[in-house]
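Student: Structure file my_file18.cif, mmCIF, C-alpha atoms and all ligand atoms, is pasted below:
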data_protein
#
loop_
_atom_site.label_atom_id
_atom_site.label_comp_id
_atom_site.auth_asym_id
_atom_site.auth_seq_id
_atom_site.Cartn_x
_atom_site.Cartn_y
_atom_site.Cartn_z
CA MET A 1 29.87 -15.84 12.12
CA SER A 2 30.05 -12.10 11.72
CA THR A 3 27.04 -10.29 10.30
CA ASN A 4 29.17 -9.67 7.22
CA THR A 5 28.45 -13.08 5.78
CA GLU A 6 24.78 -13.21 6.68
CA ASN A 7 22.24 -12.30 4.06
CA ILE A 8 20.76 -8.84 4.36
CA LEU A 9 17.11 -9.58 3.86
CA PHE A 10 14.93 -7.36 1.71
CA SER A 11 12.54 -6.71 4.56
CA GLU A 12 12.26 -7.72 8.20
CA PRO A 13 9.14 -7.07 10.26
CA PHE A 14 9.49 -4.35 12.88
CA ARG A 15 9.12 -5.72 16.42
CA VAL A 16 7.58 -3.83 19.33
CA PRO A 17 7.88 -5.30 22.86
CA LEU A 18 4.50 -3.81 23.85
CA ALA A 19 2.81 -6.01 21.22
CA THR A 20 3.62 -9.12 23.29
CA GLU A 21 2.13 -7.55 26.41
CA ASN A 22 -1.00 -6.51 24.51
CA LEU A 23 -1.41 -10.02 23.07
CA ILE A 24 -1.31 -11.56 26.55
CA THR A 25 -3.95 -9.06 27.69
CA VAL A 26 -6.24 -10.06 24.83
CA ILE A 27 -5.77 -13.81 25.14
CA ASN A 28 -6.63 -13.63 28.86
CA SER A 29 -9.67 -11.44 28.28
CA ASP A 30 -13.23 -12.29 27.29
CA HIS A 31 -13.03 -10.20 24.16
CA ILE A 32 -10.84 -11.88 21.56
CA HIS A 33 -13.19 -11.37 18.59
CA GLY A 34 -13.26 -8.08 16.71
CA ASP A 35 -14.20 -4.54 17.71
CA GLY A 36 -12.90 -4.59 21.29
CA PRO A 37 -10.74 -2.06 23.18
CA PHE A 38 -7.60 -2.52 21.03
CA THR A 39 -9.57 -2.09 17.81
CA SER A 40 -11.05 1.06 19.26
CA SER A 41 -7.66 2.38 20.37
CA ALA A 42 -5.90 1.56 17.07
CA THR A 43 -8.77 3.08 15.11
CA HIS A 44 -8.50 6.34 17.07
CA LYS A 45 -4.75 6.45 16.51
CA LEU A 46 -5.21 5.93 12.78
CA SER A 47 -7.86 8.60 12.71
CA LYS A 48 -5.52 11.04 14.41
CA LEU A 49 -2.60 10.11 12.19
CA THR A 50 -4.49 10.48 8.92
CA GLY A 51 -7.10 13.08 9.84
CA SER A 52 -9.80 10.73 8.55
CA LYS A 53 -12.95 10.73 10.70
CA ASN A 54 -14.18 7.35 9.52
CA VAL A 55 -11.63 4.56 9.85
CA LEU A 56 -12.57 0.89 10.03
CA LEU A 57 -10.01 -1.85 10.63
CA THR A 58 -10.15 -4.80 8.23
CA THR A 59 -8.48 -8.20 8.00
CA SER A 60 -6.20 -7.01 5.17
CA GLY A 61 -5.62 -4.29 2.61
CA THR A 62 -7.16 -6.67 0.08
CA ALA A 63 -10.34 -6.99 2.18
CA ALA A 64 -10.48 -3.19 2.39
CA LEU A 65 -10.19 -2.97 -1.41
CA GLU A 66 -13.00 -5.51 -1.80
CA MET A 67 -15.15 -3.37 0.51
CA ALA A 68 -14.21 -0.17 -1.37
CA VAL A 69 -15.24 -1.59 -4.73
CA ARG A 70 -18.53 -2.90 -3.36
CA LEU A 71 -19.29 0.36 -1.54
CA LEU A 72 -19.07 2.15 -4.88
CA HIS A 73 -21.59 -0.35 -6.30
CA VAL A 74 -19.27 -1.87 -8.84
CA GLY A 75 -20.95 -4.93 -10.35
CA PRO A 76 -21.28 -6.94 -13.56
CA GLY A 77 -20.97 -4.75 -16.66
CA ASP A 78 -19.06 -2.01 -14.82
CA GLU A 79 -15.50 -0.91 -15.48
CA VAL A 80 -12.93 0.40 -13.01
CA ILE A 81 -9.84 2.21 -14.26
CA VAL A 82 -6.74 0.94 -12.49
CA PRO A 83 -2.97 0.92 -13.05
CA SER A 84 -1.42 -2.28 -14.38
CA PHE A 85 1.65 -1.57 -12.25
CA THR A 86 0.11 -2.43 -8.90
CA PHE A 87 -0.53 -5.33 -6.54
CA SER A 88 -2.85 -8.08 -7.82
CA SER A 89 -5.54 -7.15 -5.28
CA GLY A 90 -6.00 -3.80 -7.03
CA ALA A 91 -7.57 -5.67 -9.94
CA ALA A 92 -8.73 -8.88 -8.21
CA SER A 93 -11.01 -6.85 -5.91
CA ILE A 94 -12.80 -5.43 -8.97
CA VAL A 95 -13.19 -8.88 -10.51
CA ALA A 96 -14.49 -10.25 -7.18
CA ALA A 97 -17.40 -7.80 -7.46
CA GLY A 98 -18.09 -8.82 -11.07
CA GLY A 99 -16.52 -5.70 -12.61
CA MET A 100 -13.82 -5.35 -15.24
CA PRO A 101 -10.43 -3.75 -14.56
CA VAL A 102 -9.42 -1.34 -17.33
CA PHE A 103 -5.64 -0.98 -17.24
CA VAL A 104 -3.96 2.29 -18.14
CA ASP A 105 -0.30 3.23 -18.28
CA ILE A 106 1.81 5.01 -15.65
CA GLU A 107 4.17 7.97 -15.54
CA GLY A 108 7.71 6.86 -16.34
CA ASP A 109 9.34 8.51 -13.31
CA THR A 110 7.02 7.77 -10.37
CA GLY A 111 5.28 4.58 -11.48
CA ASN A 112 1.98 6.24 -10.61
CA ILE A 113 -1.10 6.19 -12.86
CA ASP A 114 -1.07 8.92 -15.54
CA PRO A 115 -4.12 11.19 -15.09
CA ALA A 116 -4.28 12.12 -18.80
CA LEU A 117 -4.63 8.44 -19.66
CA VAL A 118 -7.30 7.94 -17.00
CA LYS A 119 -9.38 10.64 -18.66
CA ALA A 120 -8.95 9.02 -22.08
CA ALA A 121 -10.05 5.60 -20.76
CA ILE A 122 -13.43 6.75 -19.39
CA THR A 123 -16.49 5.14 -20.98
CA PRO A 124 -20.19 5.18 -20.02
CA LYS A 125 -19.44 1.96 -18.07
CA THR A 126 -16.73 3.51 -15.85
CA LYS A 127 -17.91 3.19 -12.27
CA ALA A 128 -14.75 4.14 -10.37
CA ILE A 129 -11.14 5.23 -10.73
CA SER A 130 -8.62 3.39 -8.56
CA VAL A 131 -5.21 4.97 -7.99
CA MET A 132 -2.19 3.67 -6.05
CA HIS A 133 0.43 5.96 -4.50
CA TYR A 134 3.54 3.95 -5.32
CA GLY A 135 5.99 4.09 -2.42
CA GLY A 136 3.80 6.78 -0.86
CA VAL A 137 4.78 9.17 -3.65
CA PRO A 138 1.50 10.98 -4.28
CA VAL A 139 -0.44 10.50 -7.49
CA ASN A 140 -1.32 13.88 -9.03
CA MET A 141 -4.60 14.08 -7.11
CA ASP A 142 -5.49 17.57 -8.40
CA ALA A 143 -5.75 16.13 -11.88
CA ILE A 144 -7.47 12.91 -10.73
CA MET A 145 -10.07 14.73 -8.60
CA ALA A 146 -10.80 17.19 -11.43
CA ILE A 147 -11.58 14.22 -13.71
CA SER A 148 -13.64 12.68 -10.92
CA ARG A 149 -15.73 15.85 -10.56
CA ASP A 150 -16.12 16.44 -14.30
CA HIS A 151 -17.39 12.90 -14.91
CA ASN A 152 -18.99 12.27 -11.53
CA ILE A 153 -16.92 9.13 -10.99
CA PRO A 154 -15.68 8.30 -7.46
CA VAL A 155 -12.03 7.62 -6.65
CA ILE A 156 -10.48 4.81 -4.60
CA GLU A 157 -7.01 5.49 -3.16
CA ASP A 158 -4.91 2.38 -2.64
CA ASN A 159 -2.65 3.89 0.02
CA ALA A 160 -1.04 0.66 1.21
CA HIS A 161 2.39 2.34 0.98
CA GLY A 162 1.68 5.90 2.02
CA LEU A 163 0.24 5.95 5.53
CA ALA A 164 -0.14 9.56 6.76
CA VAL A 165 1.94 11.14 3.98
CA GLU A 166 1.06 14.82 3.89
CA THR A 167 0.86 16.44 0.48
CA ARG A 168 -0.42 19.67 -1.04
CA PHE A 169 -3.48 17.64 -2.12
CA GLY A 170 -4.20 16.68 1.50
CA THR A 171 -3.09 13.64 3.54
CA LEU A 172 -2.93 10.53 1.38
CA GLY A 173 -5.95 8.34 2.02
CA THR A 174 -8.28 11.24 2.74
CA ILE A 175 -8.73 12.59 -0.80
CA GLY A 176 -10.76 9.99 -2.70
CA SER A 177 -14.26 8.79 -1.69
CA VAL A 178 -12.65 5.78 -0.03
CA ALA A 179 -9.07 4.70 0.65
CA ILE A 180 -7.30 1.63 1.95
CA GLN A 181 -4.26 0.96 4.12
CA SER A 182 -2.44 -2.36 4.51
CA PHE A 183 -0.79 -3.65 7.67
CA HIS A 184 0.86 -6.71 6.11
CA ASP A 185 4.21 -7.28 7.78
CA THR A 186 6.06 -5.87 4.75
CA LYS A 187 4.42 -2.47 5.22
CA ASN A 188 5.70 0.44 7.34
CA ILE A 189 3.26 -0.38 10.17
CA HIS A 190 2.03 -3.96 10.54
CA CYS A 191 0.07 -6.53 12.52
CA GLY A 192 1.02 -9.61 10.49
CA GLU A 193 -2.01 -9.35 8.25
CA GLY A 194 -4.39 -6.43 8.53
CA GLY A 195 -5.74 -3.33 6.89
CA ALA A 196 -8.11 -0.42 7.16
CA ILE A 197 -10.64 1.38 5.05
CA LEU A 198 -10.95 5.15 5.28
CA ILE A 199 -14.42 6.36 4.34
CA ASN A 200 -14.16 9.97 3.23
CA ASP A 201 -17.62 10.23 1.68
CA PRO A 202 -19.90 10.46 4.74
CA ALA A 203 -22.79 8.99 2.72
CA LEU A 204 -20.93 5.66 2.65
CA VAL A 205 -20.20 5.27 6.38
CA GLU A 206 -23.31 3.34 7.40
CA ALA A 207 -23.12 1.04 4.37
CA ALA A 208 -19.47 0.32 5.24
CA GLU A 209 -20.30 -0.60 8.84
CA ILE A 210 -22.98 -3.01 7.63
CA MET A 211 -20.80 -4.56 4.94
CA ARG A 212 -17.96 -5.15 7.41
CA GLU A 213 -20.29 -6.91 9.89
CA LYS A 214 -21.60 -9.70 7.66
CA GLY A 215 -24.31 -7.46 6.20
CA THR A 216 -25.93 -6.79 9.57
CA ASN A 217 -26.61 -3.56 11.47
CA ARG A 218 -24.62 -4.90 14.43
CA SER A 219 -22.61 -1.66 14.83
CA LYS A 220 -25.82 0.31 15.31
CA PHE A 221 -27.08 -2.37 17.71
CA LEU A 222 -23.91 -2.14 19.83
CA ARG A 223 -24.33 1.64 19.97
CA GLY A 224 -27.89 1.12 21.22
CA GLN A 225 -29.40 2.71 18.11
CA VAL A 226 -31.53 -0.35 17.22
CA ASP A 227 -32.90 -2.99 19.56
CA LYS A 228 -31.84 -6.06 17.58
CA TYR A 229 -29.48 -6.79 14.81
CA THR A 230 -30.71 -7.92 11.48
CA TRP A 231 -29.31 -8.97 8.12
CA VAL A 232 -29.89 -5.90 5.96
CA GLU A 233 -27.45 -6.01 3.01
CA TRP A 234 -24.63 -7.89 1.27
CA GLY A 235 -21.61 -8.17 3.52
CA SER A 236 -18.86 -10.38 4.79
CA SER A 237 -16.60 -10.73 7.81
CA PHE A 238 -14.10 -7.95 7.20
CA LEU A 239 -13.14 -7.20 10.80
CA PRO A 240 -9.89 -8.36 12.40
CA SER A 241 -9.76 -10.04 15.80
CA GLU A 242 -8.47 -8.18 18.84
CA LEU A 243 -5.24 -10.17 18.56
CA ASN A 244 -4.35 -8.34 15.35
CA ALA A 245 -5.62 -5.03 16.67
CA ALA A 246 -3.46 -5.44 19.80
CA VAL A 247 -0.31 -5.73 17.68
CA LEU A 248 -1.36 -2.86 15.43
CA ASP A 249 -2.08 -0.63 18.43
CA ALA A 250 1.45 -1.19 19.77
CA GLN A 251 3.01 -0.56 16.35
CA LEU A 252 1.14 2.70 15.88
CA ASP A 253 2.84 4.14 18.96
CA GLU A 254 6.14 3.60 17.15
CA PHE A 255 5.10 5.17 13.86
CA GLU A 256 7.24 8.30 14.20
CA ASN A 257 10.22 6.24 15.29
CA ILE A 258 9.80 3.78 12.43
CA GLN A 259 9.51 6.56 9.86
CA LYS A 260 12.57 8.31 11.23
CA LYS A 261 14.65 5.15 10.78
CA ARG A 262 13.26 4.41 7.33
CA PHE A 263 13.95 7.97 6.16
CA SER A 264 17.46 7.89 7.54
CA ILE A 265 18.25 4.78 5.43
CA TRP A 266 16.41 6.13 2.38
CA ASN A 267 18.31 9.44 2.53
CA THR A 268 21.65 7.65 2.94
CA TYR A 269 20.99 5.49 -0.13
CA GLN A 270 19.81 8.49 -2.12
CA SER A 271 22.82 10.70 -1.38
CA GLU A 272 25.43 7.91 -1.57
CA LEU A 273 24.27 6.63 -4.95
CA VAL A 274 24.25 9.84 -7.00
CA GLU A 275 27.59 9.16 -8.69
CA TRP A 276 26.88 5.45 -9.00
CA ALA A 277 23.64 6.23 -10.83
CA ALA A 278 25.38 8.55 -13.27
CA GLU A 279 28.07 5.92 -13.96
CA HIS A 280 25.50 3.21 -14.66
CA SER A 281 22.96 5.37 -16.51
CA ALA A 282 20.55 4.51 -13.73
CA THR A 283 17.82 6.80 -12.39
CA LEU A 284 17.18 7.43 -8.70
CA MET A 285 13.77 8.29 -7.27
CA SER A 286 12.73 11.92 -7.56
CA PRO A 287 9.31 12.35 -5.97
CA PRO A 288 7.79 15.34 -7.83
CA GLU A 289 6.18 16.85 -4.73
CA GLY A 290 9.22 16.09 -2.59
CA VAL A 291 7.22 13.82 -0.29
CA HIS A 292 7.01 10.03 0.07
CA ALA A 293 6.75 7.37 2.78
CA ALA A 294 10.22 5.82 2.65
CA HIS A 295 8.37 2.60 1.90
CA VAL A 296 10.53 1.66 -1.07
CA PHE A 297 13.93 2.71 -2.33
CA PHE A 298 14.41 1.84 -5.97
CA VAL A 299 16.77 2.48 -8.85
CA LEU A 300 15.71 2.31 -12.50
CA MET A 301 18.38 0.63 -14.61
CA PRO A 302 18.73 1.46 -18.32
CA ASP A 303 17.28 -1.92 -19.36
CA GLN A 304 16.03 -5.19 -17.96
CA TYR A 305 19.28 -7.01 -18.72
CA LYS A 306 21.22 -4.58 -16.49
CA ARG A 307 18.53 -4.76 -13.80
CA ASP A 308 18.68 -8.55 -13.68
CA ALA A 309 22.49 -8.41 -13.62
CA LEU A 310 22.41 -5.94 -10.70
CA LEU A 311 20.00 -8.11 -8.68
CA ALA A 312 22.12 -11.22 -9.39
CA HIS A 313 25.26 -9.35 -8.29
CA LEU A 314 23.63 -8.22 -5.04
CA ARG A 315 22.26 -11.69 -4.33
CA SER A 316 25.62 -13.37 -4.96
CA ARG A 317 27.01 -11.18 -2.17
CA GLY A 318 24.15 -11.78 0.23
CA VAL A 319 22.22 -8.57 -0.38
CA ILE A 320 18.63 -9.39 -1.21
CA GLY A 321 17.31 -6.70 -3.51
CA THR A 322 14.27 -7.37 -5.63
CA PHE A 323 12.08 -6.26 -8.53
CA HIS A 324 8.47 -5.25 -7.89
CA TYR A 325 5.06 -5.66 -9.55
CA VAL A 326 4.82 -7.81 -12.64
CA PRO A 327 2.35 -5.90 -14.86
CA LEU A 328 -1.22 -7.07 -14.36
CA HIS A 329 -2.42 -6.40 -17.93
CA SER A 330 -0.26 -9.20 -19.39
CA SER A 331 -0.61 -11.61 -16.45
CA PRO A 332 -2.85 -14.68 -17.00
CA ALA A 333 -5.71 -13.29 -14.86
CA GLY A 334 -5.29 -9.79 -16.27
CA VAL A 335 -5.72 -11.10 -19.81
CA LYS A 336 -8.70 -13.21 -18.77
CA TYR A 337 -10.59 -10.61 -16.74
CA GLY A 338 -9.30 -7.19 -17.77
CA ARG A 339 -8.98 -4.86 -20.71
CA VAL A 340 -6.13 -2.61 -21.74
CA HIS A 341 -6.63 1.00 -22.75
CA GLY A 342 -3.78 2.35 -24.87
CA SER A 343 -0.07 1.60 -24.77
CA MET A 344 1.48 -0.12 -21.75
CA ASP A 345 5.04 0.79 -22.74
CA LYS A 346 5.89 2.72 -19.60
CA THR A 347 4.45 0.03 -17.34
CA ASP A 348 6.50 -2.67 -19.07
CA SER A 349 9.65 -0.56 -19.06
CA PHE A 350 9.33 0.60 -15.43
CA SER A 351 8.59 -2.90 -14.17
CA GLY A 352 11.47 -4.42 -16.14
CA ARG A 353 14.09 -1.87 -15.06
CA LEU A 354 13.22 -1.46 -11.37
CA ALA A 355 15.39 -2.82 -8.54
CA ARG A 356 14.56 -2.23 -4.88
CA LEU A 357 17.11 -2.27 -2.08
CA PRO A 358 16.64 -3.65 1.45
CA LEU A 359 14.86 -1.06 3.60
CA TRP A 360 13.57 -1.80 7.09
CA PRO A 361 13.86 0.07 10.37
CA GLY A 362 16.00 -2.53 12.15
CA MET A 363 18.88 -2.27 9.64
CA SER A 364 22.20 -1.45 11.27
CA ASP A 365 24.59 1.19 9.90
CA GLU A 366 26.94 -1.66 8.91
CA GLN A 367 24.19 -3.33 6.93
CA VAL A 368 23.34 -0.10 5.12
CA LYS A 369 27.02 0.39 4.34
CA ARG A 370 27.32 -3.17 3.06
CA VAL A 371 24.37 -2.64 0.71
CA LEU A 372 26.04 0.50 -0.63
CA ASP A 373 29.47 -1.15 -0.97
CA THR A 374 27.88 -4.03 -2.83
CA MET A 375 26.07 -1.62 -5.15
CA LYS A 376 29.38 0.16 -5.79
CA SER A 377 31.19 -3.09 -6.66
CA PHE A 378 28.72 -3.74 -9.49
CA GLN A 379 30.47 -3.52 -12.85
C1 LIG B 1 0.24 -4.79 0.22
C2 LIG B 1 -0.62 -4.14 -0.80
C3 LIG B 1 -1.98 -4.43 -0.93
C4 LIG B 1 -2.67 -5.54 -0.19
O1 LIG B 1 -2.55 -5.52 1.14
P1 LIG B 1 -2.73 -6.87 2.00
O2 LIG B 1 -2.88 -6.32 3.38
O3 LIG B 1 -1.51 -7.69 1.80
O4 LIG B 1 -3.96 -7.56 1.52
C5 LIG B 1 -2.73 -3.72 -1.84
N1 LIG B 1 -2.17 -2.79 -2.60
C6 LIG B 1 -0.86 -2.48 -2.53
C7 LIG B 1 -0.31 -1.42 -3.40
C8 LIG B 1 -0.04 -3.17 -1.65
O5 LIG B 1 1.27 -2.89 -1.61
#
So, in terms of structure tokens, how does the structure I just supplied come out?
Ligand SMILES: *Cc1c(COP(=O)(O)O)cnc(C)c1O

Tutor:
Amino acid sequence: MSTNTENILFSEPFRVPLATENLITVINSDHIHGDGPFTSSATHKLSKLTGSKNVLLTTSGTAALEMAVRLLHVGPGDEVIVPSFTFSSGAASIVAAGGMPVFVDIEGDTGNIDPALVKAAITPKTKAISVMHYGGVPVNMDAIMAISRDHNIPVIEDNAHGLAVETRFGTLGTIGSVAIQSFHDTKNIHCGEGGAILINDPALVEAAEIMREKGTNRSKFLRGQVDKYTWVEWGSSFLPSELNAAVLDAQLDEFENIQKKRFSIWNTYQSELVEWAAEHSATLMSPPEGVHAAHVFFVLMPDQYKRDALLAHLRSRGVIGTFHYVPLHSSPAGVKYGRVHGSMDKTDSFSGRLARLPLWPGMSDEQVKRVLDTMKSFQ
């Protein structure tokens, strides 16, 4: 069968031959648990890539979010302001610590949290502000950090999409007190499941090391700074094994390459669909700062009916496009555990009208062309 009749998947994990070699090295070594040579190497690469001095690998982006919330001392009775248009973990991590997510609306063009609404949602109970850079398009961090300073409330950056995106606010992930990255295999760089926490507030570094190591001072012990390790605080096992770190380390070497391929596809979609968008009253992405991570390519259709029709059309011709986040504020757990501040109109509209196209570095030119041809045959 020619590739023409095979489905074009929404996402396919990027494969690096060196990962296999690294895995064999680990499995034959005496250090398969966490914090070995590959963790050290991958951590240094991430540090260099982001400019963050304090990077810790975690088992997932979700685990990193759980750490972030706990590091900022969120507990029962506390509120954390968070977008409703985000991944479930953005809110579930707050609930896991006993806090309450307070959902606010987004900007209608980027899908990012609206800083003016964050300010309006602050109460004496607000313990943190959590923002998510959708698609690696930066949240207006000047506005967010000004609110943070005025009210003395720390910021968490969920940067699962925007690894190493440079902006006029600084590199994403280095602006808030803490930030998280995800290395799930749907992300730009992956190790199956994995993540990292970037600790930008130096006062939180030691607490983070302890929390990640089951609440013990093991990191200090391994550095020879204490003579035995002891349980000193709340913690859990947040560190990945060397097997995951070995894959991540190999992927990080390919980062530039991966981004180049993703941007090439993104730019082709963007330029080839200008007329199509005008014809269908659809809106293409227009990152306000001109920067993004080529993590997602989406179109906003005029209404949900048209969006669903477009996705059905693509699917019927073997092109697997998809919607994205289902708003958290109206989801069963969001209703049970969270609170809404103000209107959620933009969140509902954005979520209902958004269609993402396949975007992964292994896509061939023919596949990209087929996606575009299929878009153009939509009536
Ligand atoms: C993927 C993702 C996460 C969670 O990452 P995992 O590594 O899958 O736990 C969190 N937030 C956002 C915005 C994500 O896209």

Student: Could you list the protein, DNA and RNA residues that have any atom within 7 Å of ligand LIG 1 (chain B), counting only C-alpha atoms and all ligand atoms, and write them as a ChimeraX atom specification?

Tutor: /A:60-63,86-87,89-90,132,134,158-161,182-184,187,193-195

Student: So that I can see what lies close to A:Gly98, please list as a VMD selection string the residues with an atom at most 12 Å from it, counting only C-alpha atoms and leaving out residues fewer than 4 positions away in the same chain.

Tutor: chain A and resid 66 69 to 70 73 to 80 91 to 94 337 to 338

Student: Taking 4 positions as the minimum chain separation for residues in the same chain, which residues sit within 7 Å of stretch 170-175 of chain A when counting only C-alpha atoms? Answer as a PDB file with C-alpha atoms, keeping the file's coordinate frame.

Tutor:
ATOM      1  CA  THR A  50      -4.490  10.480   8.920  1.00  0.00           C
ATOM      2  CA  SER A  52      -9.800  10.730   8.550  1.00  0.00           C
ATOM      3  CA  GLU A 157      -7.010   5.490  -3.160  1.00  0.00           C
ATOM      4  CA  ASN A 159      -2.650   3.890   0.020  1.00  0.00           C
ATOM      5  CA  GLY A 162       1.680   5.900   2.020  1.00  0.00           C
ATOM      6  CA  LEU A 163       0.240   5.950   5.530  1.00  0.00           C
ATOM      7  CA  ALA A 164      -0.140   9.560   6.760  1.00  0.00           C
ATOM      8  CA  VAL A 165       1.940  11.140   3.980  1.00  0.00           C
ATOM      9  CA  GLU A 166       1.060  14.820   3.890  1.00  0.00           C
ATOM     10  CA  ALA A 179      -9.070   4.700   0.650  1.00  0.00           C
ATOM     11  CA  ILE A 180      -7.300   1.630   1.950  1.00  0.00           C
ATOM     12  CA  LEU A 198     -10.950   5.150   5.280  1.00  0.00           C
ATOM     13  CA  ASN A 200     -14.160   9.970   3.230  1.00  0.00           C
TER      14      ASN A 200
END

Student: Considering only C-alpha atoms, return as a ChimeraX atom specification whatever protein or nucleic-acid residues lie within 10 Å of stretch 265-267 of chain A, sequence-local ones (same chain, fewer than 3 positions apart) excluded.

Tutor: /A:259-262,270-273,293-298,357-361,363-365,368-369

Student: Could you take the residues named above and write them with C-alpha atoms, as a tab-separated table (two decimals), in the frame of the given file?

Tutor:
chain	number	residue	atom	x	y	z
A	259	GLN	CA	9.51	6.56	9.86
A	260	LYS	CA	12.57	8.31	11.23
A	261	LYS	CA	14.65	5.15	10.78
A	262	ARG	CA	13.26	4.41	7.33
A	270	GLN	CA	19.81	8.49	-2.12
A	271	SER	CA	22.82	10.70	-1.38
A	272	GLU	CA	25.43	7.91	-1.57
A	273	LEU	CA	24.27	6.63	-4.95
A	293	ALA	CA	6.75	7.37	2.78
A	294	ALA	CA	10.22	5.82	2.65
A	295	HIS	CA	8.37	2.60	1.90
A	296	VAL	CA	10.53	1.66	-1.07
A	297	PHE	CA	13.93	2.71	-2.33
A	298	PHE	CA	14.41	1.84	-5.97
A	357	LEU	CA	17.11	-2.27	-2.08
A	358	PRO	CA	16.64	-3.65	1.45
A	359	LEU	CA	14.86	-1.06	3.60
A	360	TRP	CA	13.57	-1.80	7.09
A	361	PRO	CA	13.86	0.07	10.37
A	363	MET	CA	18.88	-2.27	9.64
A	364	SER	CA	22.20	-1.45	11.27
A	365	ASP	CA	24.59	1.19	9.90
A	368	VAL	CA	23.34	-0.10	5.12
A	369	LYS	CA	27.02	0.39	4.34

Student: As an exercise, work out the distance from atom CA of A:Ser377 to atom CA of A:Leu314 in Å and give it to one decimal place.

Tutor: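 That distance, rounded to one decimal, is 9.3 Å.
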
Student: Rounded to one decimal place, report the atom CA of A:Ser177-atom CA of A:Val340 distance in Å.

Tutor: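 Atom-to-atom, atom CA of A:Ser177 and atom CA of A:Val340 are spaced 24.5 Å apart.
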
Student: What gap, in Å, lies between atom CA of A:Val137 and atom CA of A:Thr59?

Tutor: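 So the two atoms, atom CA of A:Val137 and atom CA of A:Thr59, lie 24.8 Å apart.
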
Student: I'd like to know which of A:Phe103, A:Phe38, A:Tyr305, A:Phe14 is closest to A:His329, using all atoms listed in the file.

Tutor: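 Comparing A:Phe103, A:Phe38, A:Tyr305, A:Phe14 against A:His329, the winner is A:Phe103.
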
Student: Which is closest to A:Trp234 among A:Asp348, A:Gly108, A:Leu71, A:Thr43, if we use all atoms listed in the file?

Tutor: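 The answer is A:Leu71, which sits nearest to A:Trp234.
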
Student: So which one's closest to A:Ala282, A:Asp35, A:Glu21, A:Asp109, A:Glu213? Using only C-alpha atoms, please.

Tutor: A:Asp109

Student: Could you list, as a list in words, every residue within 10 Å of A:Phe378, counting only C-alpha atoms and ignoring same-chain residues fewer than 4 positions away?

Tutor: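 Close residues of A:Phe378: Trp276, His280, Ala309, Leu310, Leu311, Ala312, His313, Leu314, Asp373 and Thr374 of chain A.
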
Student: From the list A:Asn244, A:Ser88, A:Gln225, A:Thr283, which residue is nearest A:Thr39 when using all atoms listed in the file?

Tutor: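 With all atoms listed in the file as the atom set, the closest residue is A:Asn244.
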
Student: Out of A:Ile81, A:Leu18, A:Met344, A:Ile210, which residue has the shortest atom-to-atom distance to A:Ile156 when counting all atoms listed in the file?

Tutor: A:Ile81

Student: Kindly indicate which residue among A:Ser40, A:Gly136, A:Lys45, A:Ala97 lies nearest to A:Pro287, using all atoms listed in the file for the distances.

Tutor: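 Of all the options, A:Gly136 lies closest to A:Pro287.
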
Student: When you look at A:Val26 with a cut-off of 10 Å (counting all atoms listed in the file), what residues show up, excluding the ones that are within fewer than 2 positions of it in the same chain? I need them as a PyMOL selection string.

Tutor: chain A and resi 21-24+28-33+36-38+241-246
